[in-house]
Amino acid sequence: MTDFPTWAVAGFWGLVSGSALLLGAAVGYFARVPQRLIAAIMAFGSGVLISTLSLELMEEAYKKGGFSATASGFVGGAAVYTLANWLLARHGAKHRKRSGEHQAQERQAVQEGQTEASTSGSDNGMALAIGALLDGIPESIVIGLSMLAGGAVSMVAVVAIFLSNLPEGLSSAAGMRKAGRTPTYVLGLWAGIALISGVASLVGYSVFSGFPEEVIAATMAVSAGAVLAMVADTMIPEAFEVAHNFTGLITVLGFLVSFVLSKLGG
């Protein structure tokens, strides 16, 4: 892809990683995947993400900006994500990644006006869409930021995010189906998020390419903090509820796969 502008390459790889959300959603909606398998894949994806943000994001952020920029960005990213996630939970998107009956129960509660920020007759479709966007953007920006070092994408980051996006889309779509969401809504939502992932990756490269390294470092750390908060708030609870005692082992295996990819990648 050497003949293409670097910003276009960044957008392409963001779209590739984001397409895993749509692929996972299609499988989760139509294939009736067992919940235990969904939980195992979710645990594996959690391990992949934790490894990636540790070995790729935080390490690179520290090299570029030192401890202060990295630490402040990391905590700031987690805090912003947590606040946004709390607001979405009040509007009925707390269980957006759950594959069981949680989404159906939450949708019913919203429609009956039983949640904090809903009235009778409301629906949580918009909250689910915003939640999916909130979860996907930090990961995609990472891909664009990874190209700032030398103009080449970090294939480790692309593969890791692709592997983690599959179970996210799969689990969420399975829960949406049980909540009565139509195929048009579910696949349209995840197709839109996949496209926005490409744009976010493009923006991650284009916007920050002219910024000082301390700003780039802080931005990387913000993404890392948001991703880790997302894993802890939405992915691991889903995995543990079904996989229970095997969650830790499967998460470790995901971490190991990402670790190996990182070392093989240079």
# chains A, B, ... in the order shown; residues from 1 in each chain; ligands from 1
>>> residues_around(residues="region 25-42 of chain A", least_positions_apart="5", cutoff="8 Å", atoms="only C-alpha atoms", output="PyMOL selection string")
chain A and resi 99-100+164+166-174+176-177+183+186-187+190+235-236+238-243+247+250
>>> residues_around(residues="Glu213 (chain A)", least_positions_apart="2", cutoff="9 Å", atoms="only C-alpha atoms", output="short mmCIF file (atom, residue, chain, number, x, y, z; two decimals) with C-alpha atoms, in the first residue's frame")
data_model
loop_
_atom_site.label_atom_id
_atom_site.label_comp_id
_atom_site.auth_asym_id
_atom_site.auth_seq_id
_atom_site.Cartn_x
_atom_site.Cartn_y
_atom_site.Cartn_z
CA ALA A 61 3.56 6.39 25.34
CA LYS A 64 7.51 9.39 23.74
CA GLY A 65 6.30 11.48 26.65
CA PHE A 211 1.55 17.47 17.55
CA VAL A 215 0.66 15.18 23.32
CA ILE A 216 0.86 12.00 21.26
CA ALA A 217 2.02 10.10 24.33
CA ALA A 218 -0.85 11.43 26.43
#
>>> residues_around(residues="Val159 (chain A)", least_positions_apart="2", cutoff="12 Å", atoms="only C-alpha atoms", output="VMD selection string")
chain A and resid 13 to 14 16 to 20 45 48 to 49 52 139 to 140 143 153 to 157 161 to 166 257 to 262 265
>>> write_last_selection(atoms="N, CA, C and O atoms", output="short mmCIF file (atom, residue, chain, number, x, y, z; two decimals), in the first residue's frame")
data_model
loop_
_atom_site.label_atom_id
_atom_site.label_comp_id
_atom_site.auth_asym_id
_atom_site.auth_seq_id
_atom_site.Cartn_x
_atom_site.Cartn_y
_atom_site.Cartn_z
N TRP A 13 -6.74 0.31 7.62
CA TRP A 13 -6.51 -0.69 8.67
C TRP A 13 -7.48 -0.52 9.83
O TRP A 13 -7.85 -1.49 10.49
N GLY A 14 -7.92 0.71 10.07
CA GLY A 14 -8.97 0.90 11.06
C GLY A 14 -10.26 0.24 10.63
O GLY A 14 -10.97 -0.37 11.45
N VAL A 16 -10.45 -2.35 8.60
CA VAL A 16 -10.23 -3.81 8.68
C VAL A 16 -10.49 -4.30 10.09
O VAL A 16 -11.20 -5.30 10.30
N SER A 17 -9.91 -3.63 11.08
CA SER A 17 -10.10 -4.08 12.46
C SER A 17 -11.55 -3.91 12.89
O SER A 17 -12.12 -4.74 13.59
N GLY A 18 -12.19 -2.81 12.44
CA GLY A 18 -13.58 -2.58 12.79
C GLY A 18 -14.53 -3.57 12.14
O GLY A 18 -15.61 -3.85 12.67
N SER A 19 -14.15 -4.11 10.97
CA SER A 19 -15.01 -5.06 10.28
C SER A 19 -15.25 -6.32 11.10
O SER A 19 -16.24 -7.03 10.90
N ALA A 20 -14.34 -6.59 12.05
CA ALA A 20 -14.53 -7.75 12.92
C ALA A 20 -15.77 -7.60 13.78
O ALA A 20 -16.40 -8.60 14.16
N GLY A 45 -10.52 -12.38 24.20
CA GLY A 45 -10.37 -11.03 23.67
C GLY A 45 -9.93 -10.04 24.72
O GLY A 45 -9.17 -9.11 24.44
N VAL A 48 -6.22 -10.39 25.10
CA VAL A 48 -5.55 -9.79 23.95
C VAL A 48 -5.44 -8.27 24.12
O VAL A 48 -4.39 -7.68 23.91
N LEU A 49 -6.54 -7.65 24.51
CA LEU A 49 -6.54 -6.20 24.67
C LEU A 49 -5.64 -5.74 25.81
O LEU A 49 -4.92 -4.75 25.68
N THR A 52 -2.11 -5.89 24.62
CA THR A 52 -1.82 -4.86 23.62
C THR A 52 -1.64 -3.49 24.25
O THR A 52 -0.71 -2.76 23.91
N GLU A 139 -10.04 2.12 20.59
CA GLU A 139 -9.25 1.07 19.95
C GLU A 139 -8.81 1.49 18.55
O GLU A 139 -7.67 1.26 18.13
N SER A 140 -9.73 2.10 17.79
CA SER A 140 -9.43 2.48 16.42
C SER A 140 -8.41 3.60 16.34
O SER A 140 -7.55 3.61 15.45
N ILE A 143 -4.76 2.55 16.23
CA ILE A 143 -4.14 2.13 14.98
C ILE A 143 -3.53 3.32 14.25
O ILE A 143 -2.40 3.26 13.75
N VAL A 153 1.90 0.86 9.79
CA VAL A 153 0.94 0.47 10.80
C VAL A 153 1.51 -0.64 11.68
O VAL A 153 2.32 -1.46 11.24
N SER A 154 1.11 -0.66 12.94
CA SER A 154 1.49 -1.75 13.83
C SER A 154 0.54 -2.91 13.57
O SER A 154 -0.62 -2.89 13.97
N MET A 155 1.04 -3.94 12.86
CA MET A 155 0.19 -5.08 12.54
C MET A 155 -0.22 -5.83 13.80
O MET A 155 -1.28 -6.46 13.85
N VAL A 156 0.61 -5.74 14.84
CA VAL A 156 0.26 -6.36 16.11
C VAL A 156 -1.01 -5.72 16.66
O VAL A 156 -1.94 -6.40 17.11
N ALA A 157 -1.06 -4.38 16.59
CA ALA A 157 -2.24 -3.66 17.08
C ALA A 157 -3.46 -4.01 16.25
O ALA A 157 -4.55 -4.23 16.79
N ILE A 161 -6.62 -5.93 17.91
CA ILE A 161 -7.92 -5.27 17.96
C ILE A 161 -8.95 -6.06 17.17
O ILE A 161 -10.11 -6.18 17.58
N PHE A 162 -8.54 -6.63 16.03
CA PHE A 162 -9.44 -7.48 15.26
C PHE A 162 -9.90 -8.67 16.10
O PHE A 162 -11.10 -8.99 16.16
N LEU A 163 -8.95 -9.32 16.78
CA LEU A 163 -9.29 -10.49 17.60
C LEU A 163 -10.19 -10.12 18.77
O LEU A 163 -11.02 -10.93 19.21
N SER A 164 -10.04 -8.92 19.30
CA SER A 164 -10.88 -8.52 20.43
C SER A 164 -12.25 -8.02 19.97
O SER A 164 -13.24 -8.14 20.70
N ASN A 165 -12.32 -7.48 18.75
CA ASN A 165 -13.60 -6.98 18.24
C ASN A 165 -14.57 -8.11 17.90
O ASN A 165 -15.79 -7.93 18.02
N LEU A 166 -14.06 -9.24 17.48
CA LEU A 166 -14.93 -10.36 17.14
C LEU A 166 -15.87 -10.75 18.29
O LEU A 166 -17.08 -10.79 18.10
N VAL A 257 -1.08 -14.86 23.48
CA VAL A 257 -1.11 -14.76 22.02
C VAL A 257 -0.70 -13.37 21.57
O VAL A 257 0.12 -13.22 20.65
N SER A 258 -1.22 -12.34 22.21
CA SER A 258 -0.87 -10.97 21.86
C SER A 258 0.60 -10.70 22.16
O SER A 258 1.30 -10.01 21.41
N PHE A 259 1.11 -11.25 23.27
CA PHE A 259 2.51 -11.09 23.64
C PHE A 259 3.43 -11.69 22.58
O PHE A 259 4.41 -11.08 22.15
N VAL A 260 3.07 -12.89 22.12
CA VAL A 260 3.87 -13.56 21.08
C VAL A 260 3.85 -12.76 19.79
O VAL A 260 4.88 -12.55 19.14
N LEU A 261 2.66 -12.28 19.40
CA LEU A 261 2.55 -11.46 18.20
C LEU A 261 3.42 -10.20 18.31
O LEU A 261 4.06 -9.79 17.35
N SER A 262 3.44 -9.60 19.50
CA SER A 262 4.23 -8.40 19.72
C SER A 262 5.71 -8.67 19.54
O SER A 262 6.43 -7.89 18.90
N GLY A 265 6.56 -9.43 15.96
CA GLY A 265 6.45 -8.22 15.14
C GLY A 265 7.62 -7.29 15.30
O GLY A 265 7.66 -6.22 14.71
#
>>> residues_around(residues="Ser223 (chain A)", least_positions_apart="6", cutoff="8 Å", atoms="only C-alpha atoms", output="PyMOL selection string")
chain A and resi 74+77+138-139+141-142
>>> write_last_selection(atoms="C-alpha atoms", output="compact mmCIF listing (two decimals), in the first residue's frame")
# COMPACT_ATOMS: atom_id res chain seq x y z
CA PHE A 74 -4.03 6.84 31.30
CA GLY A 77 -8.90 8.16 29.65
CA PRO A 138 -10.40 4.35 21.51
CA GLU A 139 -9.25 1.07 19.95
CA ILE A 141 -7.55 5.67 17.25
CA VAL A 142 -4.74 3.44 18.50
>>> select_by_dssp(residues="region 105-255 of chain A", states="helix (DSSP H, G or I)", output="NGL selection string")
:A and (105-111 or 125-146 or 155-178 or 183-208 or 213-255)
>>> atom_distance(atom1="CA of Leu128 (chain A)", atom2="CA of Tyr81 (chain A)")
14.9 Å
>>> atom_distance(atom1="CA of Leu23 (chain A)", atom2="CA of Ser46 (chain A)")
17.9 Å
>>> residues_around(residues="Lys94 (chain A)", least_positions_apart="5", cutoff="9 Å", atoms="only C-alpha atoms", output="PyMOL selection string")
chain A and resi 85-86+88-89+103+106+128+131+234
>>> atom_distance(atom1="CA of Gly144 (chain A)", atom2="CA of Lys97 (chain A)")
25.1 Å
>>> residues_around(residues="Gly204 (chain A)", least_positions_apart="2", cutoff="10 Å", atoms="only C-alpha atoms", output="count of residues only")
27
>>> closest_residue(among="A:Leu57, A:Asp135, A:Gly180, A:Leu15", to="Glu101 (chain A)", atoms="only C-alpha atoms")
A:Gly180
>>> closest_residue(among="A:Lys263, A:Val75, A:Pro237, A:Ser68", to="Arg98 (chain A)", atoms="only C-alpha atoms")
A:Pro237
